[in-house]
Structure formats: C-alpha cells, structure tokens
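Notes to accompany the following structure.
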Amino acid sequence: MTVDSDQYTPGPELRSLLSGDDFAAQLTGVHLQWFAAEDEGRTEEPTEHKIRKAREEGKVAKSQDVAQSIVLLFTVVLLGIIGKYFFGTMAEMVAYFISQSTTVDITVDFTVARAFFGYFLRLVWPIAAVAVTAAILGNVLQVGLLFTVKPITPDFNRVAPRFGRWLQRSFFSAEAIFNLSKSVIKIIIIVGIAVLIVVSSIGQLVNLLHATVLQGVSVIATLTFRILVWSAVVLLFFSLFDYLFQRRQHLESLKMSKQEVKEERRMYEGDPLVKGRLRRRMQDLLNRNLVRKVPEADVVVTNPTHYAVALEYNREMMRAPTVTAKGQDNIAQRIRELATEYNVPLIENRPLARALYADVEIGDEIPEKYYEAVVAVLKQVYQMNKLGAAGQSAAAGGPGPR
C-alpha cells in the first residue's frame, strides 16, 4: 500500500510531535535539574540570615552518632547501677508466674495480666526514661533548644524522582564514602573491644566450668557491661568527628551564589539607589534643622574644624544648657558658616566639643559633669557680648555735629 505524500495530511498527534515548538516545550517540561548538581555555582559562604532561616526550618548540623552514643552510654551505666534491682524484679516475676501457672484460669481471672503490665512497667520505665532524656540531651548539645515541625511536614515537591542526585549522594559522594568508612570503623572498634576484654578474662571464663549458674550469669553480665561501656565511650569520642563532618556538610549545603548574596543584601539592607535617596533626604532635613536651630543658639563650641556643637540656654525654660545642633566635618563646617552669618559666637574648646558631640544627643540637656566647662564658655560669651555692647554704646555716644 502506497501513500501519496501530496494528499496525506498528518493527524493532530503526529503534527504535535513534528512541530518543533511543541517538541521543545515537551523537552522543557522534563526536569533536567534532577540530574544536575545542586551546589553548582554556589561558592559564597552562607549569610547569617540564611543560616537562621535554615535553623527555623529544622535544617541544622546534627550527628545521629552523638545522640546514639549518649543514649547507649547512659542506658548501660543505668543498668550497671540498678542491675540488682533488675535481677531481683525478674526473679520475683518468674517466681510469681510459676506459682500462678497451676492455680489461675487466665480466661476468667485477669490478675496475671495486671501483674504482667505491672512488672513490665517496673522493668521498662527506668530505661525508657533515661534513654529519652539522653536522646534529648544529645540533640540539645548539638543544636540547642529548637522545636519545629517543618522537617516532618508533608511536602509533595520532595517526592520528585531525583535519581541523579540520589545516586551521586548515595554512592559517589564524600558523604557516602565517609558513612561507609564510619560503619566499618564502628564494627572494627566493637569487635576489637570485645576481643580484648574476653581475652583478658579468659581465666574467669574457663573457671565457669566449675561455677554455679548464678556465678556464670554474674561473670557474663560483668563482661557484657564492660564491653558495652567501653564501646559507648569510644563511639562517643569518634562521633565528635562525625559531628564536625556533618557541620561542614551542612555549611556546604547552605552555600550561596553571588547573585543570591546580592539579592539578599538588597532585600535586607536596602537598594543602594533607595539608600542614596534616603541619605540625601535626611541631609536636606538636617540642613533645614540647622538653618532653624543654629541662629537661636547662644554659642557654638568648635574643635575648631572637625566638630561643632550649638548650645542654647534659656533660664526660664531650661534647667541646663541644651544641645540644639551638632555635626562633624562637613556638617560642622555648615554650622560654623551659619553661626558666622547670624553672629552666633564661636568658641574653640577641643575637649568640650568632642565630649559633647559623643555624649549628648540633639535636644538633650548637657550632663552635670560638663557644667563647669560650659559655664566657663558661657561666661566668655557674656563677656564678649558685654564688650560688644559697650563698644556700640561708645560709638553711639561719641562726638557728633553740633
């Protein structure tokens, strides 16, 4: 069967496949980032904001080995401390059930069931309480007090089959190699500790041939306790290295690209253009305030070039002289220009100008420790005003036309 190419019209499905735009759109829909490295281009250290945000989401540097080692150590030590209590409770439990096995019908009488739960709680609750406390302590020591449900909140976006990333992280990453090495070292450590303790106690084990059952149980329990304690201590020591590794991996996962750093800085520190406009606006407001306040001042204390502080003292309204304007460098120069323009006295006192600029805010009265220095400045101003008034009076009362 032949088909005339001039008369054949492709169906809608085939046209969709043959269309370059649609085909490109379909390819775009495939999540190629599943197979890409997440840290590509992330070379900048994480900012404090990103670290804090990750902590709020439950993403913290934490080693499970630390918590597990602490739980194992605390639980084993507890067993060593209350071992007699455990053996006594278990012996009492066995004796009770044996005595009740031929006298109680468990289908009718629930005494045995109640006794079982009673003994179960007596044996389990000390270990459970210590284990839970140790687990909480192990996590608090690593991440501090932190409670969040975000890590266990369902997130269907995380169900995406990121096979490339999973394969890389599970088999070909530094984390996979480290975890494999860590597991092998754990096995070697535990086996080594067990062999050393058993070999050192080989004489006691041989003498068990002539010992009673209770003596044998005591020797085996002691050896087991020693193996567990030493294993827990050594594993806790090595878990510190795992914590350091997890911390480094955590910081690596939070690294940012240069663009992300710029966007975050712009978001939380403000756009440079906006900050520049705000700075100019504040400068305009400051200049307007200077034009209004400096002419009302009684004196301007200068450095003489780097600092300038305008003081005003109204005995009827103020308890002490008040700083009405102050500035440094360019602003100080503007204050001096306004003071000269409006005939406000300029008094050079370098220590006082620096101290008032650093310690007193605009609109505040000067502290008591500066009273003596400011009084001396005001006296100098009053003397200058008095001499100026006397000169004007003499000029007004001089010889004139007769």
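Just remember, in the structure tokens the first chain shown is A, the second B, etc., residues are 1-based per chain, and ligands are 1-based in the order shown.
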
Polymer residues at most 12 Å from A:Ile187, only C-alpha atoms, same-chain spacing of 5 or more positions, as a CSV table (one decimal) with N, CA and C atoms, in the first residue's frame:
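Wrote part-v3.csv, looks like this:
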chain,number,residue,atom,x,y,z
A,180,LEU,N,30.3,5.0,54.9
A,180,LEU,CA,30.8,3.6,54.7
A,180,LEU,C,32.1,3.4,55.6
A,181,SER,N,33.0,4.3,55.6
A,181,SER,CA,34.2,4.2,56.4
A,181,SER,C,33.8,4.2,57.9
A,182,LYS,N,32.9,5.1,58.2
A,182,LYS,CA,32.4,5.2,59.6
A,182,LYS,C,31.8,3.8,60.1
A,192,GLY,N,37.0,-5.3,68.3
A,192,GLY,CA,38.3,-5.2,69.0
A,192,GLY,C,38.2,-5.1,70.5
A,193,ILE,N,37.2,-4.2,70.9
A,193,ILE,CA,37.0,-4.1,72.4
A,193,ILE,C,36.5,-5.4,72.9
A,194,ALA,N,35.6,-6.1,72.3
A,194,ALA,CA,35.1,-7.4,72.8
A,194,ALA,C,36.2,-8.4,72.8
A,231,SER,N,32.7,0.4,74.6
A,231,SER,CA,32.2,0.7,73.2
A,231,SER,C,31.5,2.0,73.1
A,234,VAL,N,34.1,4.9,73.5
A,234,VAL,CA,34.9,5.1,72.2
A,234,VAL,C,34.1,5.6,71.1
A,235,LEU,N,32.8,5.1,71.0
A,235,LEU,CA,31.9,5.5,69.9
A,235,LEU,C,31.6,7.0,70.1

Report the distance between atom CA of A:Arg52 and atom CA of A:Phe245 in Å, rounded to one decimal place. 19.9 Å

Could you jot down the atom CA of A:Ala325 to atom CA of A:Asp364 separation for me, Å, one decimal place?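 Distance reported for this atom pair: 10.2 Å.
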
Could you tell me, as a CSV table (one decimal) with C-alpha atoms, in the first residue's frame, which residues of stretch 102-321 of chain A DSSP assigns to helix (DSSP H, G or I) when given the backbone?
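Output contents, as saved in out_16.csv:
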chain,number,residue,atom,x,y,z
A,111,THR,CA,-4.8,-11.0,87.9
A,112,VAL,CA,-2.0,-12.4,85.8
A,113,ALA,CA,-2.5,-9.8,83.1
A,114,ARG,CA,-2.4,-7.0,85.6
A,115,ALA,CA,0.7,-8.5,87.2
A,116,PHE,CA,2.4,-8.7,83.7
A,117,PHE,CA,1.8,-5.0,83.0
A,118,GLY,CA,3.0,-4.1,86.5
A,119,TYR,CA,6.3,-6.0,86.1
A,120,PHE,CA,6.7,-4.7,82.6
A,121,LEU,CA,6.4,-1.1,83.7
A,122,ARG,CA,8.8,-1.7,86.7
A,123,LEU,CA,11.4,-3.1,84.3
A,124,VAL,CA,11.0,-0.8,81.3
A,125,TRP,CA,10.2,2.7,82.7
A,126,PRO,CA,13.7,3.4,84.2
A,127,ILE,CA,15.4,2.5,80.9
A,128,ALA,CA,12.9,4.4,78.8
A,129,ALA,CA,13.1,7.5,80.9
A,130,VAL,CA,16.9,7.6,80.9
A,131,ALA,CA,17.0,6.8,77.1
A,132,VAL,CA,14.6,9.6,76.2
A,133,THR,CA,16.4,12.1,78.5
A,134,ALA,CA,19.8,11.1,76.9
A,135,ALA,CA,18.3,11.4,73.4
A,136,ILE,CA,17.0,14.9,74.2
A,137,LEU,CA,20.4,15.9,75.8
A,138,GLY,CA,22.3,14.6,72.8
A,139,ASN,CA,20.3,16.8,70.4
A,140,VAL,CA,20.3,19.8,72.7
A,141,LEU,CA,24.1,19.7,73.0
A,142,GLN,CA,24.4,19.8,69.2
A,143,VAL,CA,21.7,22.3,68.1
A,150,LYS,CA,8.7,21.7,59.3
A,151,PRO,CA,11.0,18.7,58.7
A,152,ILE,CA,8.0,16.3,59.1
A,156,PHE,CA,4.9,16.6,47.7
A,157,ASN,CA,7.6,18.6,45.8
A,158,ARG,CA,10.2,16.4,47.5
A,159,VAL,CA,8.7,13.3,46.0
A,163,PHE,CA,17.6,9.8,40.6
A,164,GLY,CA,20.8,11.6,39.6
A,165,ARG,CA,21.2,13.4,42.8
A,166,TRP,CA,20.2,10.3,44.8
A,167,LEU,CA,22.8,8.1,43.0
A,168,GLN,CA,25.5,10.7,43.4
A,169,ARG,CA,24.8,11.2,47.1
A,170,SER,CA,24.4,7.5,48.0
A,171,PHE,CA,27.3,6.0,46.1
A,174,ALA,CA,32.2,12.3,50.0
A,175,GLU,CA,29.3,11.7,52.4
A,176,ALA,CA,28.7,8.2,51.2
A,177,ILE,CA,32.4,7.3,51.5
A,178,PHE,CA,32.5,8.8,54.9
A,179,ASN,CA,29.5,6.9,56.1
A,180,LEU,CA,30.8,3.6,54.7
A,181,SER,CA,34.2,4.2,56.4
A,182,LYS,CA,32.4,5.2,59.6
A,183,SER,CA,30.4,1.9,59.7
A,184,VAL,CA,33.4,-0.2,59.0
A,185,ILE,CA,35.3,1.6,61.8
A,186,LYS,CA,32.5,1.1,64.2
A,187,ILE,CA,32.4,-2.7,63.6
A,188,ILE,CA,36.2,-2.9,64.0
A,189,ILE,CA,36.1,-0.9,67.2
A,190,ILE,CA,33.3,-3.0,68.8
A,191,VAL,CA,34.9,-6.3,67.8
A,192,GLY,CA,38.3,-5.2,69.0
A,193,ILE,CA,37.0,-4.1,72.4
A,194,ALA,CA,35.1,-7.4,72.8
A,195,VAL,CA,38.1,-9.5,71.8
A,196,LEU,CA,40.4,-7.6,74.2
A,197,ILE,CA,38.0,-7.9,77.2
A,198,VAL,CA,37.3,-11.5,76.5
A,199,VAL,CA,41.0,-12.4,76.1
A,200,SER,CA,41.8,-10.5,79.4
A,202,ILE,CA,39.8,-15.9,79.7
A,203,GLY,CA,40.7,-17.3,83.1
A,204,GLN,CA,37.3,-16.4,84.6
A,205,LEU,CA,35.6,-18.0,81.6
A,206,VAL,CA,37.5,-21.2,82.0
A,207,ASN,CA,36.6,-21.4,85.7
A,208,LEU,CA,32.9,-21.2,84.8
A,209,LEU,CA,33.1,-25.0,84.2
A,210,HIS,CA,33.0,-25.4,88.0
A,213,VAL,CA,24.5,-20.8,87.2
A,214,LEU,CA,24.2,-17.6,89.2
A,215,GLN,CA,28.0,-17.2,89.2
A,216,GLY,CA,28.1,-17.8,85.5
A,217,VAL,CA,25.4,-15.2,84.9
A,218,SER,CA,27.3,-12.7,87.1
A,219,VAL,CA,30.6,-13.2,85.1
A,220,ILE,CA,28.9,-13.0,81.7
A,221,ALA,CA,26.9,-9.9,82.8
A,222,THR,CA,30.1,-8.2,84.0
A,223,LEU,CA,31.9,-8.9,80.8
A,224,THR,CA,29.0,-7.6,78.7
A,225,PHE,CA,28.7,-4.5,80.8
A,226,ARG,CA,32.5,-3.7,80.3
A,227,ILE,CA,32.2,-4.3,76.6
A,228,LEU,CA,29.2,-2.0,76.3
A,229,VAL,CA,30.6,0.8,78.4
A,230,TRP,CA,34.0,0.8,76.6
A,231,SER,CA,32.2,0.7,73.2
A,232,ALA,CA,29.9,3.5,74.1
A,233,VAL,CA,32.8,5.7,75.3
A,234,VAL,CA,34.9,5.1,72.2
A,235,LEU,CA,31.9,5.5,69.9
A,236,LEU,CA,31.1,8.8,71.6
A,237,PHE,CA,34.6,10.0,71.1
A,238,PHE,CA,34.5,9.1,67.4
A,239,SER,CA,31.1,10.6,67.0
A,240,LEU,CA,32.6,14.0,67.6
A,241,PHE,CA,34.4,13.7,64.2
A,242,ASP,CA,31.1,12.7,62.6
A,243,TYR,CA,29.6,15.9,64.1
A,244,LEU,CA,32.4,18.0,62.6
A,245,PHE,CA,31.9,16.4,59.3
A,246,GLN,CA,28.1,16.9,59.3
A,247,ARG,CA,28.7,20.5,60.3
A,248,ARG,CA,30.9,21.1,57.3
A,249,GLN,CA,28.5,19.3,55.0
A,250,HIS,CA,25.7,21.5,56.4
A,251,LEU,CA,27.5,24.7,55.7
A,252,GLU,CA,28.4,23.4,52.3
A,253,SER,CA,24.8,22.8,51.5
A,258,LYS,CA,27.0,35.6,44.2
A,259,GLN,CA,23.6,36.6,42.8
A,260,GLU,CA,21.8,35.2,45.8
A,261,VAL,CA,24.1,37.2,48.1
A,262,LYS,CA,23.4,40.3,46.2
A,263,GLU,CA,19.7,39.8,46.2
A,264,GLU,CA,19.6,39.1,49.9
A,265,ARG,CA,21.8,42.1,50.7
A,266,ARG,CA,19.4,44.2,48.6
A,267,MET,CA,16.4,42.8,50.3
A,268,TYR,CA,17.6,43.3,53.9
A,269,GLU,CA,20.0,46.1,53.6
A,272,PRO,CA,21.7,51.3,47.1
A,273,LEU,CA,19.7,53.8,45.0
A,274,VAL,CA,17.0,54.0,47.6
A,275,LYS,CA,19.5,54.3,50.3
A,276,GLY,CA,21.2,57.1,48.4
A,277,ARG,CA,17.9,59.0,48.0
A,278,LEU,CA,17.1,58.5,51.7
A,279,ARG,CA,20.5,59.7,52.7
A,280,ARG,CA,20.1,62.9,50.5
A,281,ARG,CA,16.6,63.4,52.0
A,282,MET,CA,18.0,63.1,55.6
A,283,GLN,CA,20.8,65.5,54.7
A,284,ASP,CA,18.2,68.0,53.4
A,285,LEU,CA,16.2,67.7,56.6
A,286,LEU,CA,19.3,68.1,58.7
A,287,ASN,CA,20.3,71.2,56.8
A,288,ARG,CA,16.9,72.7,57.3
A,289,ASN,CA,17.1,71.9,61.0
A,290,LEU,CA,20.5,73.6,61.2
A,291,VAL,CA,19.2,76.7,59.5
A,292,ARG,CA,16.4,76.9,62.1
A,293,LYS,CA,18.3,76.0,65.2
A,294,VAL,CA,21.8,77.4,64.9
A,295,PRO,CA,20.6,81.1,64.7
A,296,GLU,CA,18.8,80.5,68.0

Could you give me the residues within stretch 193-341 of chain A that DSSP places in strand (DSSP E), as a PDB file with C-alpha atoms, in the first residue's frame?
ATOM      1  CA  VAL A 299      27.200  79.736  71.414  1.00  0.00           C
ATOM      2  CA  VAL A 300      28.813  77.206  69.072  1.00  0.00           C
ATOM      3  CA  VAL A 301      31.647  75.175  70.589  1.00  0.00           C
ATOM      4  CA  THR A 302      34.143  74.053  67.938  1.00  0.00           C
ATOM      5  CA  TYR A 307      33.391  69.130  65.399  1.00  0.00           C
ATOM      6  CA  ALA A 308      30.827  71.828  66.135  1.00  0.00           C
ATOM      7  CA  VAL A 309      28.135  71.818  68.841  1.00  0.00           C
ATOM      8  CA  ALA A 310      25.488  74.544  69.200  1.00  0.00           C
ATOM      9  CA  LEU A 311      24.273  75.296  72.741  1.00  0.00           C
ATOM     10  CA  GLU A 312      21.213  77.236  73.840  1.00  0.00           C
ATOM     11  CA  THR A 322      20.768  72.217  75.723  1.00  0.00           C
ATOM     12  CA  VAL A 323      22.420  70.924  72.554  1.00  0.00           C
ATOM     13  CA  THR A 324      20.344  72.222  69.638  1.00  0.00           C
ATOM     14  CA  ALA A 325      22.628  71.134  66.777  1.00  0.00           C
ATOM     15  CA  LYS A 326      25.858  69.217  66.321  1.00  0.00           C
ATOM     16  CA  GLY A 327      27.893  67.881  63.453  1.00  0.00           C
ATOM     17  CA  GLN A 328      31.173  66.536  62.205  1.00  0.00           C
TER      18      GLN A 328
END

Mind giving me the straight-line distance from atom CA of A:Tyr370 to atom CA of A:Asp298 in Å, one decimal?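 Atom-to-atom, atom CA of A:Tyr370 to atom CA of A:Asp298, that is 16.4 Å.
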
Could you name the residues that touch A:Asn330 at 10 Å or less, counting only C-alpha atoms, but leaving out those on the same chain fewer than 6 positions away, as a count of residues only? 4
